[in-house]
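*Asks:* File name my_file-v7.cif; file contents mmCIF, C-alpha atoms; full text below.
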```cif
data_input
loop_
_atom_site.label_atom_id
_atom_site.label_comp_id
_atom_site.auth_asym_id
_atom_site.auth_seq_id
_atom_site.Cartn_x
_atom_site.Cartn_y
_atom_site.Cartn_z
CA MET A 210 -13.27 -1.91 -4.95
CA ASP A 211 -17.05 -1.73 -5.14
CA ILE A 212 -16.98 -5.38 -6.15
CA VAL A 213 -16.72 -6.49 -2.56
CA GLY A 214 -18.93 -3.79 -1.16
CA GLU A 215 -18.71 -0.10 -0.47
CA LEU A 216 -15.43 -0.61 1.23
CA TRP A 217 -14.74 2.92 2.39
CA SER A 218 -14.20 1.67 5.88
CA PHE A 219 -11.79 -0.92 4.67
CA MET A 220 -9.97 1.60 2.51
CA ILE A 221 -9.51 3.73 5.61
CA ILE A 222 -8.12 0.76 7.51
CA ARG A 223 -5.72 -0.02 4.69
CA ASN A 224 -4.44 3.55 4.74
CA VAL A 225 -3.89 3.43 8.50
CA PHE A 226 -1.94 0.20 8.08
CA LEU A 227 0.20 2.02 5.51
CA GLY A 228 0.87 4.86 7.93
CA VAL A 229 -1.70 7.44 6.80
CA ARG A 230 -3.35 8.28 10.11
CA ARG A 231 -4.47 11.87 9.91
CA PHE A 232 -7.72 13.28 8.65
CA GLU A 233 -6.29 15.34 5.81
CA GLY A 234 -4.08 12.54 4.53
CA LEU A 235 -6.96 10.10 4.57
CA ARG A 236 -9.26 12.57 2.84
CA LYS A 237 -6.77 13.21 0.04
CA ASN A 238 -5.98 9.53 -0.49
CA LEU A 239 -9.57 8.39 -0.48
CA GLY A 240 -11.04 11.35 -2.33
CA ILE A 241 -14.16 11.41 -0.20
CA SER A 242 -15.99 14.25 1.46
CA ARG A 243 -15.14 15.41 4.96
CA LYS A 244 -18.63 14.44 6.04
CA VAL A 245 -18.39 10.82 4.84
CA LEU A 246 -14.87 10.43 6.20
CA SER A 247 -15.88 11.83 9.60
CA GLU A 248 -18.81 9.44 9.79
CA ARG A 249 -16.67 6.47 8.80
CA LEU A 250 -13.94 7.30 11.29
CA ALA A 251 -16.47 7.77 14.09
CA LEU A 252 -18.00 4.39 13.27
CA LEU A 253 -14.63 2.64 13.24
CA VAL A 254 -13.76 4.20 16.61
CA ALA A 255 -17.18 3.28 18.06
CA ARG A 256 -16.76 -0.29 16.85
CA GLY A 257 -13.33 -0.63 18.42
CA VAL A 258 -11.28 -0.96 15.23
CA LEU A 259 -9.55 2.44 15.47
CA GLU A 260 -8.71 4.71 18.38
CA ARG A 261 -8.06 8.44 18.41
CA ARG A 262 -4.81 9.79 19.80
CA ARG A 263 -4.02 13.45 20.35
CA TYR A 264 -0.77 14.37 18.62
CA GLN A 265 -0.97 18.16 18.92
CA ASP A 266 -2.58 20.33 21.56
CA ALA A 267 -2.79 23.80 20.00
CA PRO A 268 -4.81 23.58 17.92
CA PRO A 269 -6.03 20.14 19.01
CA ARG A 270 -5.35 17.48 16.39
CA ASP A 271 -5.93 13.75 16.60
CA GLU A 272 -4.69 10.83 14.62
CA TYR A 273 -6.12 7.37 14.24
CA ARG A 274 -4.38 4.17 15.28
CA LEU A 275 -5.40 0.57 14.88
CA THR A 276 -6.55 -1.14 18.05
CA PRO A 277 -5.64 -4.83 18.56
CA MET A 278 -8.98 -5.65 16.93
CA GLY A 279 -7.96 -3.46 13.99
CA VAL A 280 -4.45 -4.90 13.70
CA ASP A 281 -6.08 -8.31 13.55
CA LEU A 282 -7.60 -7.32 10.20
CA PHE A 283 -4.14 -7.76 8.68
CA PRO A 284 -4.96 -11.13 7.06
CA VAL A 285 -8.06 -9.55 5.48
CA LEU A 286 -5.92 -6.73 4.12
CA MET A 287 -3.49 -9.23 2.64
CA ALA A 288 -6.23 -11.42 1.18
CA LEU A 289 -7.90 -8.45 -0.50
CA ALA A 290 -4.54 -7.16 -1.76
CA ARG A 291 -3.70 -10.55 -3.23
CA TRP A 292 -7.08 -10.73 -4.98
CA GLY A 293 -6.95 -7.15 -6.24
CA ASN A 294 -3.40 -7.55 -7.52
CA ARG A 295 -4.47 -10.66 -9.41
CA TRP A 296 -7.78 -9.52 -10.90
CA LEU A 297 -8.01 -5.74 -10.88
CA VAL A 298 -4.63 -4.38 -11.93
CA ASP A 299 -3.95 -3.08 -15.43
CA GLU A 300 -0.94 -3.99 -17.55
CA LYS A 301 1.35 -1.79 -15.45
CA GLY A 302 1.06 -4.12 -12.51
CA PRO A 303 0.04 -3.72 -8.89
CA PRO A 304 0.27 -0.29 -7.24
CA ILE A 305 1.44 -1.69 -3.93
CA GLN A 306 3.36 -4.88 -3.25
CA TYR A 307 3.79 -6.58 0.07
CA VAL A 308 7.22 -7.94 0.87
CA HIS A 309 8.00 -10.22 3.77
CA LYS A 310 11.15 -9.48 5.76
CA CYS A 311 12.76 -12.56 4.19
CA GLY A 312 12.71 -10.63 0.90
CA GLN A 313 9.87 -12.50 -0.78
CA THR A 314 7.18 -10.44 -2.48
CA THR A 315 4.27 -12.37 -1.15
CA PRO A 316 0.55 -12.38 -1.16
CA GLY A 317 0.75 -15.07 1.49
CA ARG A 318 -0.55 -18.60 1.39
CA LEU A 319 -3.42 -19.71 3.58
CA ILE A 320 -2.78 -23.10 5.16
CA CYS A 321 -4.63 -25.34 7.57
CA THR A 322 -3.59 -24.76 11.17
CA GLY A 323 -3.80 -28.52 11.69
CA CYS A 324 -2.06 -30.23 8.78
CA GLY A 325 -0.49 -27.37 6.82
CA GLU A 326 -2.25 -28.07 3.52
CA GLU A 327 -3.31 -25.02 1.51
CA LEU A 328 -6.95 -24.18 2.17
CA GLY A 329 -9.37 -23.83 -0.72
CA ALA A 330 -13.10 -23.89 -1.32
CA HIS A 331 -12.79 -27.51 -2.47
CA ASN A 332 -11.37 -28.84 0.81
CA VAL A 333 -13.14 -26.81 3.51
CA ARG A 334 -16.55 -27.64 4.97
CA ALA A 335 -18.89 -25.09 6.47
CA LEU A 336 -20.51 -26.47 9.60
CA LEU A 337 -23.05 -25.11 12.02
CA GLY A 338 -21.14 -23.56 14.93
CA PRO A 339 -22.27 -23.36 18.58
CA GLY A 340 -23.75 -19.88 18.07
CA GLY A 341 -25.48 -20.84 14.86
CA GLU A 342 -29.03 -21.76 15.83
CA GLU A 343 -30.72 -18.72 14.40
CA ALA A 344 -32.90 -18.70 11.32
CA TYR A 345 -30.18 -17.33 9.11
CA VAL A 346 -27.93 -20.30 9.62
CA GLU A 347 -30.82 -22.74 9.39
CA ALA A 348 -31.61 -21.33 5.98
CA ILE A 349 -28.04 -21.84 4.87
CA GLU A 350 -28.09 -25.37 6.18
CA ARG A 351 -31.30 -26.12 4.33
CA ALA A 352 -29.91 -24.68 1.13
CA ALA A 353 -26.47 -26.18 1.29
CA GLY A 354 -27.00 -29.45 3.09
CA ARG A 355 -25.39 -29.95 6.45
CA GLY A 356 -21.65 -29.89 6.26
CA VAL A 357 -21.05 -29.89 2.54
CA PHE A 358 -17.86 -28.59 1.13
CA LEU A 359 -18.19 -25.03 -0.02
CA ARG A 360 -19.91 -24.86 -3.36
CA THR A 361 -18.32 -22.97 -6.13
CA ALA A 362 -19.52 -24.47 -9.42
CA MET B 91 -20.45 -6.43 9.46
CA ASP B 92 -20.69 -2.70 8.88
CA ILE B 93 -17.31 -2.44 10.54
CA VAL B 94 -15.53 -3.30 7.34
CA GLY B 95 -17.94 -1.48 5.08
CA GLU B 96 -21.40 -1.98 3.75
CA LEU B 97 -20.59 -5.52 2.84
CA TRP B 98 -23.81 -6.56 1.17
CA SER B 99 -21.89 -7.68 -1.86
CA PHE B 100 -19.57 -9.71 0.27
CA MET B 101 -22.47 -11.18 2.23
CA ILE B 102 -23.96 -12.32 -1.08
CA ILE B 103 -20.67 -13.91 -2.08
CA ARG B 104 -20.45 -15.72 1.26
CA ASN B 105 -23.93 -17.13 0.78
CA VAL B 106 -23.09 -18.35 -2.71
CA PHE B 107 -19.98 -20.06 -1.32
CA LEU B 108 -22.26 -21.76 1.23
CA GLY B 109 -24.60 -22.98 -1.51
CA VAL B 110 -27.34 -20.34 -1.40
CA ARG B 111 -27.53 -19.39 -5.06
CA ARG B 112 -31.09 -18.38 -5.75
CA PHE B 113 -32.74 -15.02 -5.46
CA GLU B 114 -35.32 -15.96 -2.82
CA GLY B 115 -32.81 -17.78 -0.65
CA LEU B 116 -30.41 -14.87 -0.78
CA ARG B 117 -33.17 -12.39 -0.03
CA LYS B 118 -34.32 -14.32 3.03
CA ASN B 119 -30.82 -14.86 4.39
CA LEU B 120 -29.70 -11.29 3.90
CA GLY B 121 -32.96 -9.62 4.85
CA ILE B 122 -32.61 -6.96 2.17
CA SER B 123 -35.10 -5.61 -0.33
CA ARG B 124 -35.55 -7.13 -3.76
CA LYS B 125 -34.39 -3.88 -5.28
CA VAL B 126 -31.09 -3.75 -3.39
CA LEU B 127 -30.44 -7.44 -3.95
CA SER B 128 -31.15 -7.14 -7.68
CA GLU B 129 -28.78 -4.21 -7.98
CA ARG B 130 -26.05 -6.00 -6.04
CA LEU B 131 -26.37 -9.19 -8.07
CA ALA B 132 -26.30 -7.25 -11.34
CA LEU B 133 -23.14 -5.45 -10.19
CA LEU B 134 -21.43 -8.68 -9.19
CA VAL B 135 -22.29 -10.23 -12.58
CA ALA B 136 -21.12 -7.12 -14.44
CA ARG B 137 -17.83 -7.16 -12.54
CA GLY B 138 -17.22 -10.81 -13.32
CA VAL B 139 -17.49 -12.22 -9.79
CA LEU B 140 -20.78 -14.09 -10.35
CA GLU B 141 -22.46 -15.54 -13.40
CA ARG B 142 -26.10 -16.34 -14.01
CA ARG B 143 -27.16 -19.84 -14.97
CA ARG B 144 -30.65 -20.87 -16.03
CA TYR B 145 -31.88 -23.76 -13.91
CA GLN B 146 -35.56 -23.76 -14.97
CA ASP B 147 -37.19 -22.76 -18.23
CA ALA B 148 -40.90 -22.40 -17.42
CA PRO B 149 -41.06 -20.02 -15.73
CA PRO B 150 -37.48 -18.88 -16.39
CA ARG B 151 -35.36 -18.97 -13.24
CA ASP B 152 -31.66 -18.29 -12.84
CA GLU B 153 -29.18 -19.02 -10.13
CA TYR B 154 -25.85 -17.41 -9.41
CA ARG B 155 -22.51 -19.17 -9.47
CA LEU B 156 -19.06 -17.97 -8.62
CA THR B 157 -16.76 -17.36 -11.58
CA PRO B 158 -13.05 -18.22 -11.19
CA MET B 159 -12.56 -14.60 -10.10
CA GLY B 160 -15.26 -15.15 -7.49
CA VAL B 161 -13.91 -18.46 -6.26
CA ASP B 162 -10.58 -16.71 -5.80
CA LEU B 163 -12.21 -14.62 -3.05
CA PHE B 164 -12.06 -17.71 -0.83
CA PRO B 165 -9.07 -16.46 1.21
CA VAL B 166 -10.92 -13.18 1.82
CA LEU B 167 -13.95 -15.15 3.02
CA MET B 168 -11.79 -17.15 5.38
CA ALA B 169 -9.91 -14.11 6.67
CA LEU B 170 -13.16 -12.26 7.42
CA ALA B 171 -14.67 -15.37 9.04
CA ARG B 172 -11.62 -15.81 11.26
CA TRP B 173 -11.79 -12.16 12.33
CA GLY B 174 -15.54 -12.17 12.88
CA ASN B 175 -15.38 -15.40 14.86
CA ARG B 176 -12.70 -13.88 17.07
CA TRP B 177 -14.12 -10.40 17.66
CA LEU B 178 -17.81 -10.30 16.87
CA VAL B 179 -19.35 -13.46 18.28
CA ASP B 180 -21.30 -13.52 21.52
CA GLU B 181 -20.82 -16.05 24.33
CA LYS B 182 -22.58 -18.77 22.34
CA GLY B 183 -19.71 -18.97 19.90
CA PRO B 184 -19.40 -18.66 16.14
CA PRO B 185 -22.46 -19.31 13.94
CA ILE B 186 -20.45 -21.03 11.24
CA GLN B 187 -17.21 -22.94 11.55
CA TYR B 188 -14.89 -23.92 8.77
CA VAL B 189 -13.40 -27.38 8.90
CA HIS B 190 -10.61 -28.60 6.69
CA LYS B 191 -10.95 -32.08 5.23
CA CYS B 192 -8.23 -33.27 7.65
CA GLY B 193 -10.78 -32.67 10.43
CA GLN B 194 -9.26 -29.51 11.87
CA THR B 195 -11.59 -26.61 12.60
CA THR B 196 -9.44 -23.94 11.12
CA PRO B 197 -9.41 -20.27 10.45
CA GLY B 198 -6.26 -20.89 8.43
CA ARG B 199 -2.83 -19.46 8.92
CA LEU B 200 -1.31 -17.00 6.47
CA ILE B 201 2.31 -17.81 5.71
CA CYS B 202 4.98 -16.36 3.47
CA THR B 203 5.11 -18.09 0.08
CA GLY B 204 8.89 -17.87 0.27
CA CYS B 205 10.01 -18.95 3.72
CA GLY B 206 6.81 -20.23 5.38
CA GLU B 207 6.86 -17.84 8.34
CA GLU B 208 3.49 -16.53 9.49
CA LEU B 209 2.78 -13.12 7.99
CA GLY B 210 1.90 -10.21 10.24
CA ALA B 211 1.83 -6.44 10.11
CA HIS B 212 5.15 -6.39 11.96
CA ASN B 213 7.09 -8.35 9.33
CA VAL B 214 5.63 -7.20 6.01
CA ARG B 215 6.73 -4.10 4.12
CA ALA B 216 4.50 -2.19 1.73
CA LEU B 217 6.44 -1.13 -1.34
CA LEU B 218 5.56 0.86 -4.41
CA GLY B 219 4.58 -1.61 -7.14
CA PRO B 220 5.12 -1.20 -10.91
CA GLY B 221 1.60 0.23 -11.36
CA GLY B 222 1.91 2.57 -8.43
CA GLU B 223 3.04 5.89 -9.83
CA GLU B 224 -0.21 7.73 -9.38
CA ALA B 225 -0.86 10.42 -6.81
CA TYR B 226 -2.63 8.07 -4.43
CA VAL B 227 0.37 5.88 -3.93
CA GLU B 228 2.74 8.85 -3.82
CA ALA B 229 0.70 10.22 -0.94
CA ILE B 230 0.99 6.93 0.90
CA GLU B 231 4.71 6.85 0.31
CA ARG B 232 5.08 10.37 1.60
CA ALA B 233 3.09 9.58 4.68
CA ALA B 234 4.57 6.21 5.47
CA GLY B 235 8.12 6.53 4.25
CA ARG B 236 9.27 4.34 1.41
CA GLY B 237 9.19 0.70 2.31
CA VAL B 238 8.47 0.85 6.01
CA PHE B 239 6.90 -2.05 7.74
CA LEU B 240 3.19 -1.64 8.10
CA ARG B 241 2.39 0.70 10.92
CA THR B 242 0.01 -0.40 13.55
CA ALA B 243 0.85 1.44 16.76
#
```
Just give me the structure as structure tokens.
*Replies:*
Amino acid sequence: MDIVGELWSFMIIRNVFLGVRRFEGLRKNLGISRKVLSERLALLVARGVLERRRYQDAPPRDEYRLTPMGVDLFPVLMALARWGNRWLVDEKGPPIQYVHKCGQTTPGRLICTGCGEELGAHNVRALLGPGGEEAYVEAIERAAGRGVFLRTA
Amino acid sequence: MDIVGELWSFMIIRNVFLGVRRFEGLRKNLGISRKVLSERLALLVARGVLERRRYQDAPPRDEYRLTPMGVDLFPVLMALARWGNRWLVDEKGPPIQYVHKCGQTTPGRLICTGCGEELGAHNVRALLGPGGEEAYVEAIERAAGRGVFLRTA
């Protein structure tokens, strides 16, 4: 998973989606130190992606739930799972599969909210948005030309 | 973007999608050191997400292109953009918007490949896949119950 960054935070989020919400379960699944996990969890709570909930009073124990902002990462989870299951699995196949309630094992298909066509890099333009006047976006615009289709080759 | 991990690698990939393919352009846009950028680019090439192409011989200069494996990260790019544009933008609005060739500004909609219903955490089950017999997945199964819908609340 280091291909798309040091995704410890995302690995935590994936585990919470899958129902692993407690510190010890997360630590075992992720194989990271208590220190790193504590820091990551605190960051995710501070950023509003997770919230702590007390599930036991003596001794006090908390678990972590997704906030609405966290639940809204579901399409990212699915997109990464689809990509990982296509490019990173060995001959045994994917470790986890996602199955829609209709029975279809599905990575999902990303379609245009307007016309329903499948979205791809070849048919989507990147345009300057209303909040995009800073230098960063200007540099992208200079490099890419204003409103070109995304460049992949 | 630190919410979903130290996403330098993903930020690089996003820039390459947008047409920023050269070392100096990437360095300016990302505001990271030459050392970190060099390491990240080398990792992405080693993992098969980017490839180097010589665009000038004297002096030798390379640019970075997405491989098919890299282009296939497009749905992840769109899913992260949709989420960021919804939760992270200030009152000015999103810096970059994605527009389908039909004219619709679109974050995309993730639908089931079988029945076409929109996918969400409430209607997708996580199941053990054929490659999923290792301890990590067993721990998830123990925690989540076998084949429950994804847990968000």
*Asks:* Since I can't run it myself right now, could you work out what the PyMOL selection byres ((chain A and resi 250-264) around 6) selects here and report it as a PyMOL selection string?
*Replies:* chain A and resi 247-249+265+270-276+278-279
*Asks:* Under the PyMOL selection byres ((chain A and resi 283-288) around 9), which residues of this model are included? Write them out as a ChimeraX atom specification.
*Replies:* /A:219,222-223,226,279-282,289-293,307,316-317 /B:163-170,173,199-200,209-211
*Asks:* For this structure, which residues satisfy the selection - the PyMOL selection byres ((chain A and resi 322) around 7) - when it is evaluated on the file as given? I want them as a PyMOL selection string.
*Replies:* (chain A and resi 320-321+323-325) or (chain B and resi 196+198-199)
*Asks:* What is the atom CA of Trp177 of chain B-atom CA of Lys244 of chain A distance in Å, reported with one decimal?
*Replies:*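 Between atom CA of Trp177 of chain B and atom CA of Lys244 of chain A the gap works out to 27.8 Å.
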*Asks:* Quick one: pull the distance between atom CA of Glu326 of chain A and atom CA of Pro184 of chain B, Å, one decimal.
*Replies:*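 Calculated distance between atom CA of Glu326 of chain A and atom CA of Pro184 of chain B is 23.3 Å.
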*Asks:* With distances taken over only C-alpha atoms, which of A:Val245, A:Met220, A:Gly312, A:Ile305 is nearest to chain B?
*Replies:*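 Ranking A:Val245, A:Met220, A:Gly312, A:Ile305 by distance to chain B, first place goes to A:Ile305.
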*Asks:* What is the distance between atom CA of Leu239 of chain A and atom CA of Trp98 of chain B, in Å to one decimal?
*Replies:*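 Those two atoms sit 20.7 Å apart.
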*Asks:* Could you check which of A:Asn294, A:Asn224, A:Asn332, A:Ser218 is closest to Cys192 of chain B, using all atoms listed in the file?
*Replies:* A:Asn332
